[in-house]
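Visitor: One structure, pasted below without further comment.
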Amino acid sequence: MDVAFTVFVGDISSGNYPQTAPAKAIRGLNYPSYFPNCHTPIPNKRKTKTKVLIMAVLITLLSAVAIAWGLNLLYAIWWRPKTIEQQLWKQGIHGHPYKLIHGNIKEMIKLAKERGSKPVEQPHDILPRLNPLLHDLVTTYKKSFVIWYGTTPRVAIMEPDLIKEILSNKSGDFPKPDINSFTQLFVTGLASYNGDKWAKHRKIVNPAFHIEKLKHMLPAFVVCTEELIEKWSKLVNFMGSCEVDMSVEFQNLTGDVISRAAFGSNFEVGRLIFLLQKEQGSLFLQSQMSINFPWLRFLPTKVNKRMRHIHQEVGSLLTGIIENREKVIGSGDHKDDLLGLLLKSNLDELQDKKHSNSRMTTEDVIEECKLFYFAGQETTANLLTWTMIVLSMHTDWQERAREEVLQVFGRNKLAYDDLNRLKIVNMILLEVLRLYPSTPLIRRTYKETKLGNLCLPAGVQLFMPLHLVHRDTEQWGEDATEFKPERFSEGILKATKDRISYFPFGWGPRICVGQNFAMLESKLALARILQNFSFELSPTYTHAPYAAVTLQPQYGAQIILHKL
Ligand code: HEM
């Protein structure tokens with residue numbers, strides 16, 4: 001209204017109005033006060049024409065933008081997916097047809113609801129329940145098919161040679177998929193970076209996980225494991241035997257281990273960070289359950305506000321620890337926990353290269369610490385949980401493993417070097433990782449890319465489903481879905497005939513940096529449990545593996561412990 005009025009007065013005072021008699025008479029007067037009730041500007045043909053012209057141009061421009069936006073949208077949700085679908089089909093990569101916007105997601109949810117309510121028929125043949133669509137596709141199309149996650153095509157890659165080509169690629173042809181804005185609040189770090197940033201971080205993080213350094217972290221592992229054994233012993237002594245949910249127990253154990261191993265003397269703060277990151281993880285999962293536009297993160301919803309708050313809180317707790325540690329590192333004294341080693345390695349890198357951008361910033365170190373929790377805690381807890389479940393199902397292997405532990409250690413506490421003598425325990429862990437691997441590996445193409453005989457268009461995700469490859473009967477024989485740790489009696493290379501058909505920790509340059517850490521932690525915990533308890537499945541346990549970021553027992557892992 002104000003603007004309109006100003007323009008109006010301006011017209012009068014500048015004299016650009018029709019020279020009618022009343023108008024002439026009022027030239028120089030304040031027009032509105034002279035005609036208090038007049039709201040119609042005096043027409044000015046030239047001006048009006050210009051205005052009409054401007055309006056027309058604006059409308060044309062807006063329509064052009066709207067049409068371009070509409071066409072772009074149509075291209076993104078229909079033309080592009082359908083073109084890619086054609087290209088894939090021509091090369092023998094089939095699947096269920098792409099459906100507008102949701103791709104195959106609706107069928108995926110429908111099948112999961114239908115079959116997810118049924119129990120697993122054979123204990124380790126979990127795919128029909130875990131991912132029914134994937135199961136149907138592999139049954140129909142064998143090793144080559146596509147699933148549409150919304151408008152994104154995910155091509156399954158199951159041939160060991162192709163997997164090798166992707167995972168060993170060093171020229172950056174197959175980067176990790178971009179992470180969404182919610183993930184950025186939760187965790188980034190090494191696992192999500194590509195190119196130079198990944199190479200720089202990997203170089204700095206690697207030394208902290210060297211096997212020699214892990215030796216110094218063993219006391220941290222031992223303290224946490226002993227606390228668990230003591231807690232269970234008290235429960236069992238009191239009641240003769242007791243039932244515990246292993247998934248909860250091991251989540252806490254691995255949370256404690258990573259807090260102690262990463263932050264040493266700052267263990268209590270580390271534990272608080274772990275609890276906050278755990279909550280952040282479940283908020284993150286909630287945020288991923290619905291349609292995900294990047295801007296949704298900025299809406300002032302309860303979940304978003306809490307996520308932002310935790311992000312800041314964890315950031316400031318870690319900044320406090322890091323800044324205090326950096327002062328000590330600078331004086332030449334450092335601690336042998338992961339953070340100390342990471343900061344030392346970061347400093348060495350700076351001294352080596354003599355320019356500041358070769359090292360990580362405090363924000364970078366924060367993200368790497370958060371990643372240790374995300375990448376290392378739940379995965380290791382799952383390994384231990386599935387191992388307890390499987391050893392309760394196969395009591396002969398539980399006995400064999402216990403015999404070995406007692407033979408090597410007796411009833412004594414364990415020593416680092418002796419842990420490598422636990423061959424049967426190692427075979428069992430490898431077999432559990434074969435049947436219950438953590439997550440599929442995913443990469444993407446960002447340009448038209450050759451892979452074996454395939455020519456993949458840009459924007460395709462390549463996923464290497466560990467559940468399928470690890471159960472491929474061509475590689476593993478007709479008994480692929482059975483629990484047979486003896487497969488690994490002569491090592492992984494012999495079991496796989498040197499092909500990439502087993503990679504629970506990934507493969508190539510991006511192989512899991514915490515692999516030795518996880519195996520050491522698991523061997524130690526399992527050996528101490530075997531020394532102290534026998535165990536069996538509780539009647540309340542239901543075998544229902546389900547994928548929530550990692551592979552977990554849907555209704556818990558209730559196991560009854562008996563004191564030995
Ligand atoms: C049983 C336990 C574990 C399993 C099954 C596991 C599995 C994996 C897998 C499959 C990858 C490769 C992902 C890919 O290539 O897309 C990976 C990467 C990674 N893992 Fe683990 N992991 C475990 C424990 C740990 C632990 C204990 C830590 C650290 C404390 C850790 C830290 C990492 C990091 C930082 C990466 C990213 C490496 C990179 O991209 O360069 N993991 N892990």
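Residues are referred to by chain and number: the chain letter is A, B, ... according to the order shown in the structure tokens, the number counts from 1 in that chain, and ligands are numbered separately from 1 in the order shown.
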If you count only C-alpha atoms, which residues fall within 8 Å of Ala381 (chain A), apart from same-chain ones fewer than 3 positions away, as a PyMOL selection string?
Guide: chain A and resi 247+250-251+253-254+377-378+384-385
Visitor: Taking only C-alpha atoms and all ligand atoms into account, which residues are within 7 Å of ligand 1, as a VMD selection string?
Guide: chain A and resid 190 to 192 198 202 258 371 to 373 375 to 377 379 to 380 383 437 to 439 441 to 442 504 to 507 509 to 515 517 to 519
Visitor: Next, the residues of the selection above should be written as a PDB file, in the first residue's frame with C-alpha atoms.
Guide:
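The resulting file, part-v6.pdb, is reproduced below:
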ATOM      1  CA  LEU A 190      36.792 -41.172   6.421  1.00  0.00           C
ATOM      2  CA  ALA A 191      34.041 -43.648   5.480  1.00  0.00           C
ATOM      3  CA  SER A 192      32.096 -41.064   3.457  1.00  0.00           C
ATOM      4  CA  TRP A 198      39.805 -39.516   1.736  1.00  0.00           C
ATOM      5  CA  ARG A 202      43.254 -42.448   5.532  1.00  0.00           C
ATOM      6  CA  ILE A 258      35.637 -47.767  22.026  1.00  0.00           C
ATOM      7  CA  LEU A 371      33.016 -42.270  13.077  1.00  0.00           C
ATOM      8  CA  PHE A 372      34.940 -44.616  15.401  1.00  0.00           C
ATOM      9  CA  TYR A 373      31.726 -44.995  17.410  1.00  0.00           C
ATOM     10  CA  ALA A 375      31.715 -47.732  12.379  1.00  0.00           C
ATOM     11  CA  GLY A 376      33.197 -49.706  15.227  1.00  0.00           C
ATOM     12  CA  GLN A 377      30.661 -50.093  17.973  1.00  0.00           C
ATOM     13  CA  THR A 379      29.303 -53.721  13.962  1.00  0.00           C
ATOM     14  CA  THR A 380      31.443 -55.398  16.631  1.00  0.00           C
ATOM     15  CA  LEU A 383      29.474 -59.880  15.501  1.00  0.00           C
ATOM     16  CA  PRO A 437      27.755 -59.711   7.597  1.00  0.00           C
ATOM     17  CA  SER A 438      27.130 -56.152   8.611  1.00  0.00           C
ATOM     18  CA  THR A 439      26.082 -54.008   5.626  1.00  0.00           C
ATOM     19  CA  LEU A 441      28.977 -52.191   0.117  1.00  0.00           C
ATOM     20  CA  ILE A 442      27.806 -49.412  -2.190  1.00  0.00           C
ATOM     21  CA  PRO A 504      32.951 -58.783   5.515  1.00  0.00           C
ATOM     22  CA  PHE A 505      35.421 -55.928   6.141  1.00  0.00           C
ATOM     23  CA  GLY A 506      35.396 -54.662   2.549  1.00  0.00           C
ATOM     24  CA  TRP A 507      38.385 -55.052   0.267  1.00  0.00           C
ATOM     25  CA  PRO A 509      42.297 -49.526  -0.409  1.00  0.00           C
ATOM     26  CA  ARG A 510      39.092 -48.807   1.520  1.00  0.00           C
ATOM     27  CA  ILE A 511      39.147 -51.995   3.582  1.00  0.00           C
ATOM     28  CA  CYS A 512      37.953 -51.501   7.171  1.00  0.00           C
ATOM     29  CA  VAL A 513      40.609 -49.635   9.124  1.00  0.00           C
ATOM     30  CA  GLY A 514      39.341 -51.186  12.398  1.00  0.00           C
ATOM     31  CA  GLN A 515      39.373 -54.834  11.238  1.00  0.00           C
ATOM     32  CA  PHE A 517      40.689 -53.869  16.423  1.00  0.00           C
ATOM     33  CA  ALA A 518      37.299 -55.604  16.025  1.00  0.00           C
ATOM     34  CA  MET A 519      38.754 -59.114  15.747  1.00  0.00           C
TER      35      MET A 519
END
Visitor: Quick one: of A:Asn266, A:Thr152, A:Asn382, A:Ser501, who's nearest to Ala480 (chain A), counting only C-alpha atoms?
Guide: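 That would be A:Ser501, the residue with the smallest distance to Ala480 (chain A).
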Visitor: Among region 90-288 of chain A, which ones does DSSP assign to helix (DSSP H, G or I) (computed from the backbone)? Answer as a VMD selection string.
Guide: chain A and resid 90 105 to 116 127 to 130 132 to 141 160 to 167 181 to 186 190 to 192 195 to 209 211 to 239 246 to 288
Visitor: Give me, as a ChimeraX atom specification, all polymer residues having an atom no more than 8 Å from Ile147 (chain A), counting only C-alpha atoms and skipping those fewer than 4 positions away in the same chain.
Guide: /A:95-96,103-104,153-156
Visitor: Just to be explicit: take each residue in the selection above, keep C-alpha atoms, and write the result as a PDB file, in the first residue's frame.
Guide:
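Here's the written file result_39.pdb:
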ATOM      1  CA  GLY A  95      14.488 -56.113 -12.557  1.00  0.00           C
ATOM      2  CA  HIS A  96      11.009 -54.933 -11.641  1.00  0.00           C
ATOM      3  CA  GLY A 103      10.756 -46.886  -7.964  1.00  0.00           C
ATOM      4  CA  ASN A 104      10.417 -50.297  -6.281  1.00  0.00           C
ATOM      5  CA  PRO A 153      18.953 -47.418  -9.800  1.00  0.00           C
ATOM      6  CA  ARG A 154      20.964 -49.885  -7.717  1.00  0.00           C
ATOM      7  CA  VAL A 155      22.666 -52.549  -9.783  1.00  0.00           C
ATOM      8  CA  ALA A 156      23.684 -55.735  -7.956  1.00  0.00           C
TER       9      ALA A 156
END
Visitor: Pick the closest to Leu134 (chain A) from A:Trp89, A:Tyr555, A:Phe463, A:Tyr75: which is it, counting only C-alpha atoms?
Guide: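 Using only C-alpha atoms, Leu134 (chain A) sits closest to A:Phe463.
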Visitor: Nearest residue to Ser345 (chain A) out of A:Glu326, A:Glu363, A:Glu230, A:Asp136, using only C-alpha atoms?
Guide: A:Glu326
Visitor: At what distance in Å, to one decimal, does CA of Met427 (chain A) lie from CA of Phe488 (chain A)?
Guide: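 Taking CA of Phe488 (chain A) and CA of Met427 (chain A), their separation equals 5.5 Å.
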Visitor: Which residue gives the smallest distance to Ala547 (chain A) among A:Leu130, A:Met393, A:Met388, A:Ile77, with only C-alpha atoms counted?
Guide: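 So, comparing all the options, the nearest one is A:Leu130.
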